[in-house]
file structure-v7.cif (mmCIF, C-alpha atoms; chains and numbers go by the auth columns)
data_input
loop_
_atom_site.group_PDB
_atom_site.id
_atom_site.type_symbol
_atom_site.label_atom_id
_atom_site.label_comp_id
_atom_site.label_asym_id
_atom_site.label_seq_id
_atom_site.Cartn_x
_atom_site.Cartn_y
_atom_site.Cartn_z
_atom_site.B_iso_or_equiv
_atom_site.auth_seq_id
_atom_site.auth_asym_id
ATOM 1 C CA LEU A 1 79.103 74.377 21.153 0.00 4 Y
ATOM 2 C CA SER A 2 78.627 73.432 17.506 0.00 5 Y
ATOM 3 C CA ILE A 3 79.983 75.395 14.542 0.00 6 Y
ATOM 4 C CA ARG A 4 78.499 75.076 11.072 0.00 7 Y
ATOM 5 C CA SER A 5 81.293 76.488 8.900 0.00 8 Y
ATOM 6 C CA PHE A 6 85.017 76.902 9.509 0.00 9 Y
ATOM 7 C CA PRO A 7 87.390 79.433 7.918 0.00 10 Y
ATOM 8 C CA ASN A 8 90.535 78.659 5.956 0.00 11 Y
ATOM 9 C CA VAL A 9 92.465 80.842 8.405 0.00 12 Y
ATOM 10 C CA LEU A 10 91.528 80.414 12.053 0.00 13 Y
ATOM 11 C CA CYS A 11 92.501 83.227 14.431 0.00 14 Y
ATOM 12 C CA ILE A 12 92.410 82.433 18.154 0.00 15 Y
ATOM 13 C CA HIS A 13 92.699 85.424 20.473 0.00 16 Y
ATOM 14 C CA LEU A 14 93.640 84.421 24.010 0.00 17 Y
ATOM 15 C CA LYS A 15 92.477 86.483 26.947 0.00 18 Y
ATOM 16 C CA ARG A 16 95.739 87.781 28.417 0.00 19 Y
ATOM 17 C CA PHE A 17 94.412 90.647 30.531 0.00 20 Y
ATOM 18 C CA ARG A 18 92.085 90.765 33.536 0.00 21 Y
ATOM 19 C CA SER A 19 90.349 93.846 34.767 0.00 22 Y
ATOM 20 C CA ASN A 20 88.157 94.827 37.659 0.00 23 Y
ATOM 21 C CA SER A 21 86.798 98.181 38.739 0.00 24 Y
ATOM 22 C CA TYR A 22 90.188 99.307 40.106 0.00 25 Y
ATOM 23 C CA TYR A 23 92.940 97.993 37.846 0.00 26 Y
ATOM 24 C CA ARG A 24 93.922 95.806 34.884 0.00 27 Y
ATOM 25 C CA THR A 25 96.603 93.104 35.026 0.00 28 Y
ATOM 26 C CA LYS A 26 98.277 90.814 32.560 0.00 29 Y
ATOM 27 C CA LEU A 27 97.669 87.063 32.824 0.00 30 Y
ATOM 28 C CA GLY A 28 101.013 85.299 32.467 0.00 31 Y
ATOM 29 C CA LEU A 29 99.848 81.691 32.369 0.00 32 Y
ATOM 30 C CA LEU A 30 101.480 79.342 29.885 0.00 33 Y
ATOM 31 C CA VAL A 31 98.913 78.079 27.379 0.00 34 Y
ATOM 32 C CA THR A 32 99.784 74.904 25.508 0.00 35 Y
ATOM 33 C CA PHE A 33 98.801 74.808 21.843 0.00 36 Y
ATOM 34 C CA PRO A 34 99.608 72.439 18.975 0.00 37 Y
ATOM 35 C CA LEU A 35 101.923 73.542 16.178 0.00 38 Y
ATOM 36 C CA THR A 36 100.321 71.067 13.778 0.00 39 Y
ATOM 37 C CA GLY A 37 97.120 69.087 13.642 0.00 40 Y
ATOM 38 C CA LEU A 38 94.740 71.276 15.669 0.00 41 Y
ATOM 39 C CA ASN A 39 91.552 69.235 15.305 0.00 42 Y
ATOM 40 C CA MET A 40 88.377 71.320 15.246 0.00 43 Y
ATOM 41 C CA ALA A 41 86.135 68.420 14.143 0.00 44 Y
ATOM 42 C CA PRO A 42 84.663 67.895 17.640 0.00 45 Y
ATOM 43 C CA TYR A 43 83.172 71.397 17.388 0.00 46 Y
ATOM 44 C CA SER A 44 81.646 70.917 13.933 0.00 47 Y
ATOM 45 C CA SER A 45 77.947 70.350 13.333 0.00 48 Y
ATOM 46 C CA ILE A 46 78.884 68.376 10.183 0.00 49 Y
ATOM 47 C CA ASP A 47 80.105 64.788 10.692 0.00 50 Y
ATOM 48 C CA ASN A 48 83.234 63.456 8.993 0.00 51 Y
ATOM 49 C CA GLU A 49 84.495 66.913 8.085 0.00 52 Y
ATOM 50 C CA ASP A 50 88.293 67.181 7.837 0.00 53 Y
ATOM 51 C CA LEU A 51 89.115 70.104 10.117 0.00 54 Y
ATOM 52 C CA LEU A 52 92.838 69.982 10.819 0.00 55 Y
ATOM 53 C CA TYR A 53 94.805 73.207 11.175 0.00 56 Y
ATOM 54 C CA ASP A 54 98.524 74.004 11.345 0.00 57 Y
ATOM 55 C CA LEU A 55 99.950 76.994 13.183 0.00 58 Y
ATOM 56 C CA VAL A 56 101.551 79.603 10.916 0.00 59 Y
ATOM 57 C CA SER A 57 101.989 82.626 13.191 0.00 60 Y
ATOM 58 C CA VAL A 58 101.854 83.693 16.846 0.00 61 Y
ATOM 59 C CA VAL A 59 101.593 87.226 18.226 0.00 62 Y
ATOM 60 C CA ILE A 60 103.349 87.661 21.580 0.00 63 Y
ATOM 61 C CA HIS A 61 102.939 90.499 24.082 0.00 64 Y
ATOM 62 C CA HIS A 62 106.068 91.234 26.121 0.00 65 Y
ATOM 63 C CA GLY A 63 105.655 93.348 29.218 0.00 66 Y
ATOM 64 C CA SER A 64 103.886 93.355 32.523 0.00 67 Y
ATOM 65 C CA GLY A 65 100.799 95.435 31.920 0.00 68 Y
ATOM 66 C CA VAL A 66 98.124 96.674 29.591 0.00 69 Y
ATOM 67 C CA SER A 67 99.473 100.190 29.239 0.00 70 Y
ATOM 68 C CA SER A 68 103.008 99.151 28.382 0.00 71 Y
ATOM 69 C CA GLY A 69 104.801 96.418 26.527 0.00 72 Y
ATOM 70 C CA HIS A 70 105.975 95.318 23.145 0.00 73 Y
ATOM 71 C CA TYR A 71 104.449 93.033 20.508 0.00 74 Y
ATOM 72 C CA THR A 72 106.490 90.567 18.457 0.00 75 Y
ATOM 73 C CA THR A 73 105.569 87.632 16.260 0.00 76 Y
ATOM 74 C CA CYS A 74 106.794 84.162 15.389 0.00 77 Y
ATOM 75 C CA THR A 75 105.989 83.059 11.862 0.00 78 Y
ATOM 76 C CA TYR A 76 106.547 79.791 10.026 0.00 79 Y
ATOM 77 C CA SER A 77 108.152 79.892 6.574 0.00 80 Y
ATOM 78 C CA PRO A 78 106.988 77.057 4.310 0.00 81 Y
ATOM 79 C CA ILE A 79 109.939 77.800 2.019 0.00 82 Y
ATOM 80 C CA SER A 80 112.703 77.272 4.601 0.00 83 Y
ATOM 81 C CA LYS A 81 110.503 75.070 6.812 0.00 84 Y
ATOM 82 C CA CYS A 82 111.682 77.095 9.818 0.00 85 Y
ATOM 83 C CA TRP A 83 110.186 79.383 12.455 0.00 86 Y
ATOM 84 C CA TYR A 84 111.319 83.011 12.731 0.00 87 Y
ATOM 85 C CA HIS A 85 110.889 85.534 15.552 0.00 88 Y
ATOM 86 C CA PHE A 86 110.281 89.093 14.318 0.00 89 Y
ATOM 87 C CA SER A 87 110.840 92.147 16.490 0.00 90 Y
ATOM 88 C CA ASP A 88 111.187 95.822 15.517 0.00 91 Y
ATOM 89 C CA THR A 89 114.741 95.673 14.233 0.00 92 Y
ATOM 90 C CA SER A 90 115.644 92.001 14.221 0.00 93 Y
ATOM 91 C CA VAL A 91 114.676 88.631 12.823 0.00 94 Y
ATOM 92 C CA MET A 92 116.073 85.421 14.228 0.00 95 Y
ATOM 93 C CA GLN A 93 115.433 81.776 13.554 0.00 96 Y
ATOM 94 C CA VAL A 94 113.919 79.879 16.496 0.00 97 Y
ATOM 95 C CA ASP A 95 113.095 76.229 16.993 0.00 98 Y
ATOM 96 C CA GLU A 96 109.659 74.717 17.487 0.00 99 Y
ATOM 97 C CA SER A 97 110.167 74.297 21.233 0.00 100 Y
ATOM 98 C CA TRP A 98 110.735 78.059 21.590 0.00 101 Y
ATOM 99 C CA VAL A 99 107.479 78.754 19.728 0.00 102 Y
ATOM 100 C CA SER A 100 105.492 76.250 21.776 0.00 103 Y
ATOM 101 C CA LYS A 101 106.729 77.793 25.059 0.00 104 Y
ATOM 102 C CA CYS A 102 106.080 81.440 24.172 0.00 105 Y
ATOM 103 C CA LYS A 103 103.291 83.312 25.937 0.00 106 Y
ATOM 104 C CA ALA A 104 100.967 83.487 22.940 0.00 107 Y
ATOM 105 C CA TYR A 105 98.451 86.300 22.621 0.00 108 Y
ATOM 106 C CA ILE A 106 96.990 85.576 19.169 0.00 109 Y
ATOM 107 C CA LEU A 107 97.367 82.287 17.240 0.00 110 Y
ATOM 108 C CA PHE A 108 96.910 82.035 13.466 0.00 111 Y
ATOM 109 C CA TYR A 109 96.163 78.588 12.033 0.00 112 Y
ATOM 110 C CA VAL A 110 95.736 77.599 8.368 0.00 113 Y
ATOM 111 C CA ARG A 111 93.479 74.719 7.435 0.00 114 Y
ATOM 112 C CA GLN A 112 95.548 71.779 6.141 0.00 115 Y
ATOM 113 C CA GLU A 113 93.169 71.324 3.208 0.00 116 Y
ATOM 114 C CA GLN A 114 93.808 74.965 2.226 0.00 117 Y
ATOM 115 C CA LYS A 115 97.586 74.523 2.520 0.00 118 Y
ATOM 116 C CA LYS A 116 97.465 71.694 -0.043 0.00 119 Y
ATOM 117 C CA THR A 117 95.565 73.939 -2.457 0.00 120 Y
ATOM 118 C CA LEU A 118 98.023 76.808 -1.978 0.00 121 Y
ATOM 119 C CA SER A 119 101.077 74.620 -2.615 0.00 122 Y
ATOM 120 C CA LYS A 120 99.875 73.406 -6.022 0.00 123 Y
#

call {"tool": "encode", "arguments": {"input": "structure-v7.cif", "output": "structure tokens"}}
result
Amino acid sequence: LSIRSFPNVLCIHLKRFRSNSYYRTKLGLLVTFPLTGLNMAPYSSIDNEDLLYDLVSVVIHHGSGVSSGHYTTCTYSPISKCWYHFSDTSVMQVDESWVSKCKAYILFYVRQEQKKTLSK
């Protein structure tokens, strides 16, 4: 697989549900993912391209099935340099280890090069 152009914001949607002709089930496997330095260069068709991404948000599905459950998110604040878990009525600070162990459903990464431009 070789990709020609990469976005500033990379969204990775993990397959968390399996279906067959009779039923659909949730896949509860733990997926490891980097919080910083996701290197997409091996997938680029352009050599020597700087393609490092840092995680900024994770969508999490809580529940056992497709027809029920609850979605929450963990988001990184560059101002406080902390991670926060957002649910319907609450926000709480969480540490990096909590984020890395959550059962991620959608991962949002921002290209490091773009982050430098945004912080100027």

call {"tool": "atom_distance", "arguments": {"input": "structure-v7.cif", "atom1": "CA of Ala107 in chain Y", "atom2": "CA of Ser22 in chain Y"}}
result
19.0 Å

call {"tool": "atom_distance", "arguments": {"input": "structure-v7.cif", "atom1": "CA of Asn42 in chain Y", "atom2": "CA of Asp98 in chain Y"}}
result
22.7 Å

call {"tool": "closest_residue", "arguments": {"input": "structure-v7.cif", "among": "Y:Tyr25, Y:Tyr56, Y:Phe36, Y:Tyr46", "to": "Val102 in chain Y", "atoms": "all atoms listed in the file"}}
result
Y:Phe36

call {"tool": "closest_residue", "arguments": {"input": "structure-v7.cif", "among": "Y:Gln96, Y:Ser60, Y:Ser8, Y:Gln115", "to": "Ser47 in chain Y", "atoms": "all atoms listed in the file"}}
result
Y:Ser8

call {"tool": "residues_around", "arguments": {"input": "structure-v7.cif", "residues": "range 71-79 of chain Y", "least_positions_apart": "6", "cutoff": "12 Å", "atoms": "only C-alpha atoms", "output": "number ranges by chain"}}
result
Y: 27-29, 38-39, 57-65, 85-113

call {"tool": "write_last_selection", "arguments": {"input": "structure-v7.cif", "atoms": "C-alpha atoms", "output": "PDB file, in the coordinates of the input"}}
result
ATOM      1  CA  ARG Y  27      93.922  95.806  34.884  1.00  0.00           C
ATOM      2  CA  THR Y  28      96.603  93.104  35.026  1.00  0.00           C
ATOM      3  CA  LYS Y  29      98.277  90.814  32.560  1.00  0.00           C
ATOM      4  CA  LEU Y  38     101.923  73.542  16.178  1.00  0.00           C
ATOM      5  CA  THR Y  39     100.321  71.067  13.778  1.00  0.00           C
ATOM      6  CA  ASP Y  57      98.524  74.004  11.345  1.00  0.00           C
ATOM      7  CA  LEU Y  58      99.950  76.994  13.183  1.00  0.00           C
ATOM      8  CA  VAL Y  59     101.551  79.603  10.916  1.00  0.00           C
ATOM      9  CA  SER Y  60     101.989  82.626  13.191  1.00  0.00           C
ATOM     10  CA  VAL Y  61     101.854  83.693  16.846  1.00  0.00           C
ATOM     11  CA  VAL Y  62     101.593  87.226  18.226  1.00  0.00           C
ATOM     12  CA  ILE Y  63     103.349  87.661  21.580  1.00  0.00           C
ATOM     13  CA  HIS Y  64     102.939  90.499  24.082  1.00  0.00           C
ATOM     14  CA  HIS Y  65     106.068  91.234  26.121  1.00  0.00           C
ATOM     15  CA  CYS Y  85     111.682  77.095   9.818  1.00  0.00           C
ATOM     16  CA  TRP Y  86     110.186  79.383  12.455  1.00  0.00           C
ATOM     17  CA  TYR Y  87     111.319  83.011  12.731  1.00  0.00           C
ATOM     18  CA  HIS Y  88     110.889  85.534  15.552  1.00  0.00           C
ATOM     19  CA  PHE Y  89     110.281  89.093  14.318  1.00  0.00           C
ATOM     20  CA  SER Y  90     110.840  92.147  16.490  1.00  0.00           C
ATOM     21  CA  ASP Y  91     111.187  95.822  15.517  1.00  0.00           C
ATOM     22  CA  THR Y  92     114.741  95.673  14.233  1.00  0.00           C
ATOM     23  CA  SER Y  93     115.644  92.001  14.221  1.00  0.00           C
ATOM     24  CA  VAL Y  94     114.676  88.631  12.823  1.00  0.00           C
ATOM     25  CA  MET Y  95     116.073  85.421  14.228  1.00  0.00           C
ATOM     26  CA  GLN Y  96     115.433  81.776  13.554  1.00  0.00           C
ATOM     27  CA  VAL Y  97     113.919  79.879  16.496  1.00  0.00           C
ATOM     28  CA  ASP Y  98     113.095  76.229  16.993  1.00  0.00           C
ATOM     29  CA  GLU Y  99     109.659  74.717  17.487  1.00  0.00           C
ATOM     30  CA  SER Y 100     110.167  74.297  21.233  1.00  0.00           C
ATOM     31  CA  TRP Y 101     110.735  78.059  21.590  1.00  0.00           C
ATOM     32  CA  VAL Y 102     107.479  78.754  19.728  1.00  0.00           C
ATOM     33  CA  SER Y 103     105.492  76.250  21.776  1.00  0.00           C
ATOM     34  CA  LYS Y 104     106.729  77.793  25.059  1.00  0.00           C
ATOM     35  CA  CYS Y 105     106.080  81.440  24.172  1.00  0.00           C
ATOM     36  CA  LYS Y 106     103.291  83.312  25.937  1.00  0.00           C
ATOM     37  CA  ALA Y 107     100.967  83.487  22.940  1.00  0.00           C
ATOM     38  CA  TYR Y 108      98.451  86.300  22.621  1.00  0.00           C
ATOM     39  CA  ILE Y 109      96.990  85.576  19.169  1.00  0.00           C
ATOM     40  CA  LEU Y 110      97.367  82.287  17.240  1.00  0.00           C
ATOM     41  CA  PHE Y 111      96.910  82.035  13.466  1.00  0.00           C
ATOM     42  CA  TYR Y 112      96.163  78.588  12.033  1.00  0.00           C
ATOM     43  CA  VAL Y 113      95.736  77.599   8.368  1.00  0.00           C
TER      44      VAL Y 113
END

call {"tool": "resolve_selection", "arguments": {"input": "structure-v7.cif", "expression": "the PyMOL selection byres ((chain Y and resi 11) around 7)", "output": "list of chain:residue names"}}
result
Y:Phe9, Y:Pro10, Y:Val12, Y:Leu13, Y:Val113, Y:Arg114, Y:Gln117

call {"tool": "atom_distance", "arguments": {"input": "structure-v7.cif", "atom1": "CA of Val34 in chain Y", "atom2": "CA of Cys14 in chain Y"}}
result
15.3 Å

call {"tool": "axis_aligned_box", "arguments": {"input": "structure-v7.cif", "around": "range 41-46 of chain Y", "padding_each_side": "3 Å", "output": "lines of an AutoDock Vina configuration file"}}
result
center_x = 89.0
center_y = 69.6
center_z = 15.9
size_x = 17.6
size_y = 9.5
size_z = 9.5
